[in-house]
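Presented below is the structure to which this report refers.
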Amino acid sequence: MAASMQLNVKPLKPAFYLKSASKHSPKLPARVRCSAAAASTRRYSISLLPGDGIGPEVISVAKNVLKLAGSLEGIEFRFQEMPMGGSALDLVGVPLPDETLSAAKQSDAVLLGAIGGYKWDNNLKHLKPETGLLQLREGLKVFANLRPATVLPQLVDSSTLKKEVAEGVDLMVVRELTGGIYFGKPRGFGTNENGDEIGFNTEVYAAYEVDRIARIAFETARKRSGKLCSVDKANVLEASMFWRKRVIEIASEYPDVELSHMYVDNAAMQLVRNPKQFDTIVTNNIFGDILSDEASMITGSIGMLPSASLGESGPGLFEPIHGSAPDIAGQDKANPLATILSAAMLLKYGLGEENAAKRIENAVLHTLNKGFRTGDIYSAGNKLVGCKEIGEEVLKSVETPVPAAV
């Protein structure tokens, strides 16, 4: 059962031990600063970006869990909290201050809460909290977003799908994060030949961008069940035709991985119809954004799912995939488990601290076993608690020893 909470990453060391095929291919990352055996005490600098809405609440809980799990495994953290998103807009007038980006770049890992809210919805694009998030990803050069979606036995009844459909779902979406239509140029507003106002964006990928995310996806699939589904829209989009061509070429490097292709509209349907057919999915930025959110609801709540965004080197960015939920902010109703599990991914992928990560994963599982639930995952027969209380229960469980590896 503990394996389920380990997100079944079996065990996916940073998925960047890749073959070097060109000058653009990822190199071995300089991510793990110290190994667990290198010293009795390891020290890391963590940038905390609480953001907006429920962000400060869930980050506060995750920080405490991260701190305790680390101390039990001989790890010391230096936390630096910095403004980002709407809170930064209110404070200094930009969604990502230079000081915040600089601190993030100099840290060993970055833990983000959530950004955005109704207050800033009508801002100009460069003054939207979401623009700060795109700038942060670009600044950290984190191009690979790993989003696991695992239906835990304790929460199978929380899924909106029938139990027999949801039970046993365990998939990973590998999303390209810094290219595609969110970053492509030209983009903007204008007027067409008929004098009508238009808005336009460009979906564009270079070969090296597709190749590097494809290799990470193949490595990920190789460490799971050896099945990779590449999702595109190659029947109508040239960018997707190019995507598929490059993925097929990279597949020759991984003869042990079974590659399939699926159009994005069909993939969206299949995720609801038969999600267990998928193990690892690789797709572009916009399709990955949509499909990973859809996959999250199979698990019962978007409040349960973490994510890791990694680059070739430097600090990774770890965040829950839920939004800022301004309607419940400050009411102690938020589910912090996705952020806590993001902290576990930070330890596992960002720092190579497997034992501390397992402590957190096991603690979340134990807390659910005891029946504690926030409102988004509550069902009859369990105990409804708030953000702080479920965080306290996780802290109690963190001290449970991690079983020795067999």
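Each chain of the structure tokens is named A, B, ... in the order shown, its residues numbered from 1; ligands are numbered from 1 in display order.
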
Go through stretch 150-354 of chain A and collect every residue that DSSP, computed from the backbone, puts in alpha helix (DSSP H); the answer should be as a VMD selection string.
chain A and resid 163 to 166 207 to 222 238 to 251 264 to 273 285 to 298 337 to 345 354

Selection near stretch 342-353 of chain A, 6 Å with only C-alpha atoms, sequence-local residues under 2 positions removed, as a list of chain:residue names
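Residues near the query, excluding close chain neighbours: A:Pro14, A:Val32, A:Pro306, A:Ser307, A:Gly316, A:Phe318, A:Glu319, A:Thr339, A:Ile340, A:Asn355, A:Ala356, A:Ala357, A:Ile360.
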
Keeping only all heavy atoms, write the selected residues to a file as a compact mmCIF listing (two decimals), in the first residue's frame.
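As a result, out-v1.txt now contains:
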```
# COMPACT_ATOMS: atom_id res chain seq x y z
N PRO A 14 15.96 11.36 -10.91
CA PRO A 14 15.70 12.40 -11.88
C PRO A 14 15.87 11.83 -13.28
O PRO A 14 16.90 11.27 -13.60
CB PRO A 14 16.76 13.46 -11.56
CG PRO A 14 16.99 13.27 -10.09
CD PRO A 14 16.84 11.79 -9.85
N VAL A 32 21.62 16.97 -7.58
CA VAL A 32 21.78 16.46 -6.23
C VAL A 32 23.07 17.02 -5.66
O VAL A 32 24.16 16.67 -6.09
CB VAL A 32 21.81 14.92 -6.22
CG1 VAL A 32 22.00 14.42 -4.81
CG2 VAL A 32 20.50 14.39 -6.79
N PRO A 306 0.43 16.39 -6.68
CA PRO A 306 1.63 17.22 -6.75
C PRO A 306 2.17 17.28 -8.17
O PRO A 306 1.67 16.61 -9.07
CB PRO A 306 2.60 16.46 -5.85
CG PRO A 306 2.27 15.01 -6.14
CD PRO A 306 0.77 14.99 -6.35
N SER A 307 3.22 18.08 -8.35
CA SER A 307 3.93 18.06 -9.63
C SER A 307 5.37 18.49 -9.41
O SER A 307 5.70 19.16 -8.44
CB SER A 307 3.26 18.98 -10.66
OG SER A 307 3.53 20.35 -10.38
N GLY A 316 14.80 22.66 -9.22
CA GLY A 316 13.50 22.29 -9.77
C GLY A 316 12.41 23.10 -9.10
O GLY A 316 12.59 23.68 -8.02
N PHE A 318 8.54 22.83 -7.64
CA PHE A 318 7.60 21.82 -7.16
C PHE A 318 6.34 22.53 -6.66
O PHE A 318 6.44 23.49 -5.88
CB PHE A 318 8.25 20.99 -6.07
CG PHE A 318 9.52 20.33 -6.53
CD1 PHE A 318 10.73 21.02 -6.47
CD2 PHE A 318 9.50 19.06 -7.09
CE1 PHE A 318 11.90 20.45 -6.94
CE2 PHE A 318 10.66 18.48 -7.57
CZ PHE A 318 11.87 19.17 -7.49
N GLU A 319 5.17 22.06 -7.10
CA GLU A 319 3.94 22.76 -6.77
C GLU A 319 2.73 21.82 -6.89
O GLU A 319 2.75 20.88 -7.69
CB GLU A 319 3.73 23.95 -7.72
CG GLU A 319 3.69 23.54 -9.18
CD GLU A 319 3.51 24.72 -10.14
OE1 GLU A 319 2.59 25.52 -9.91
OE2 GLU A 319 4.30 24.81 -11.10
N THR A 339 0.33 19.82 -1.73
CA THR A 339 1.55 20.58 -1.48
C THR A 339 2.53 19.77 -0.65
O THR A 339 3.75 19.82 -0.88
CB THR A 339 1.21 21.90 -0.78
OG1 THR A 339 0.13 22.54 -1.45
CG2 THR A 339 2.41 22.85 -0.78
N ILE A 340 2.03 19.01 0.31
CA ILE A 340 2.89 18.13 1.10
C ILE A 340 3.54 17.09 0.20
O ILE A 340 4.74 16.80 0.31
CB ILE A 340 2.06 17.46 2.22
CG1 ILE A 340 1.63 18.50 3.26
CG2 ILE A 340 2.87 16.34 2.88
CD1 ILE A 340 0.65 17.97 4.28
N ASN A 355 14.78 8.74 1.43
CA ASN A 355 14.20 8.33 2.72
C ASN A 355 13.28 9.40 3.29
O ASN A 355 12.21 9.10 3.83
CB ASN A 355 15.30 7.98 3.72
CG ASN A 355 15.93 6.62 3.44
OD1 ASN A 355 15.37 5.82 2.69
ND2 ASN A 355 17.07 6.36 4.03
N ALA A 356 13.71 10.65 3.21
CA ALA A 356 12.87 11.73 3.71
C ALA A 356 11.59 11.83 2.89
O ALA A 356 10.50 12.09 3.44
CB ALA A 356 13.63 13.05 3.69
N ALA A 357 11.70 11.63 1.59
CA ALA A 357 10.51 11.65 0.73
C ALA A 357 9.55 10.54 1.12
O ALA A 357 8.33 10.76 1.20
CB ALA A 357 10.92 11.51 -0.74
N ILE A 360 7.42 11.28 4.15
CA ILE A 360 6.27 12.14 3.89
C ILE A 360 5.17 11.37 3.18
O ILE A 360 3.98 11.47 3.53
CB ILE A 360 6.70 13.37 3.07
CG1 ILE A 360 7.63 14.26 3.90
CG2 ILE A 360 5.48 14.16 2.59
CD1 ILE A 360 8.16 15.47 3.17
```

What's the separation between atom CA of A:Ile302 and atom CA of A:Thr160, in Å to one decimal place?
11.8 Å

Taking only C-alpha atoms into account, name the residue in A:Ala325, A:Ala103, A:Ala88, A:Met172 that is nearest to A:Tyr118.
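Using only C-alpha atoms, the shortest distance to A:Tyr118 belongs to A:Ala325.
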
Test item: residues at most 7 Å from stretch 266-272 of chain A, only C-alpha atoms, excluding those fewer than 4 positions along its chain, as a PDB file with N, CA, C and O atoms, in the first residue's frame:
```pdb
ATOM      1  N   MET A 262      -1.856   8.996 -29.917  1.00  0.00           N
ATOM      2  CA  MET A 262      -3.287   9.232 -29.785  1.00  0.00           C
ATOM      3  C   MET A 262      -3.576  10.712 -29.993  1.00  0.00           C
ATOM      4  O   MET A 262      -2.825  11.573 -29.520  1.00  0.00           O
ATOM      5  N   LEU A 291      -4.940  17.864 -20.092  1.00  0.00           N
ATOM      6  CA  LEU A 291      -5.100  16.442 -19.789  1.00  0.00           C
ATOM      7  C   LEU A 291      -4.687  16.094 -18.364  1.00  0.00           C
ATOM      8  O   LEU A 291      -5.294  15.232 -17.726  1.00  0.00           O
ATOM      9  N   ALA A 295      -6.950  14.260 -15.687  1.00  0.00           N
ATOM     10  CA  ALA A 295      -6.507  13.048 -14.993  1.00  0.00           C
ATOM     11  C   ALA A 295      -6.591  13.211 -13.482  1.00  0.00           C
ATOM     12  O   ALA A 295      -6.876  12.254 -12.756  1.00  0.00           O
TER      13      ALA A 295
END
```
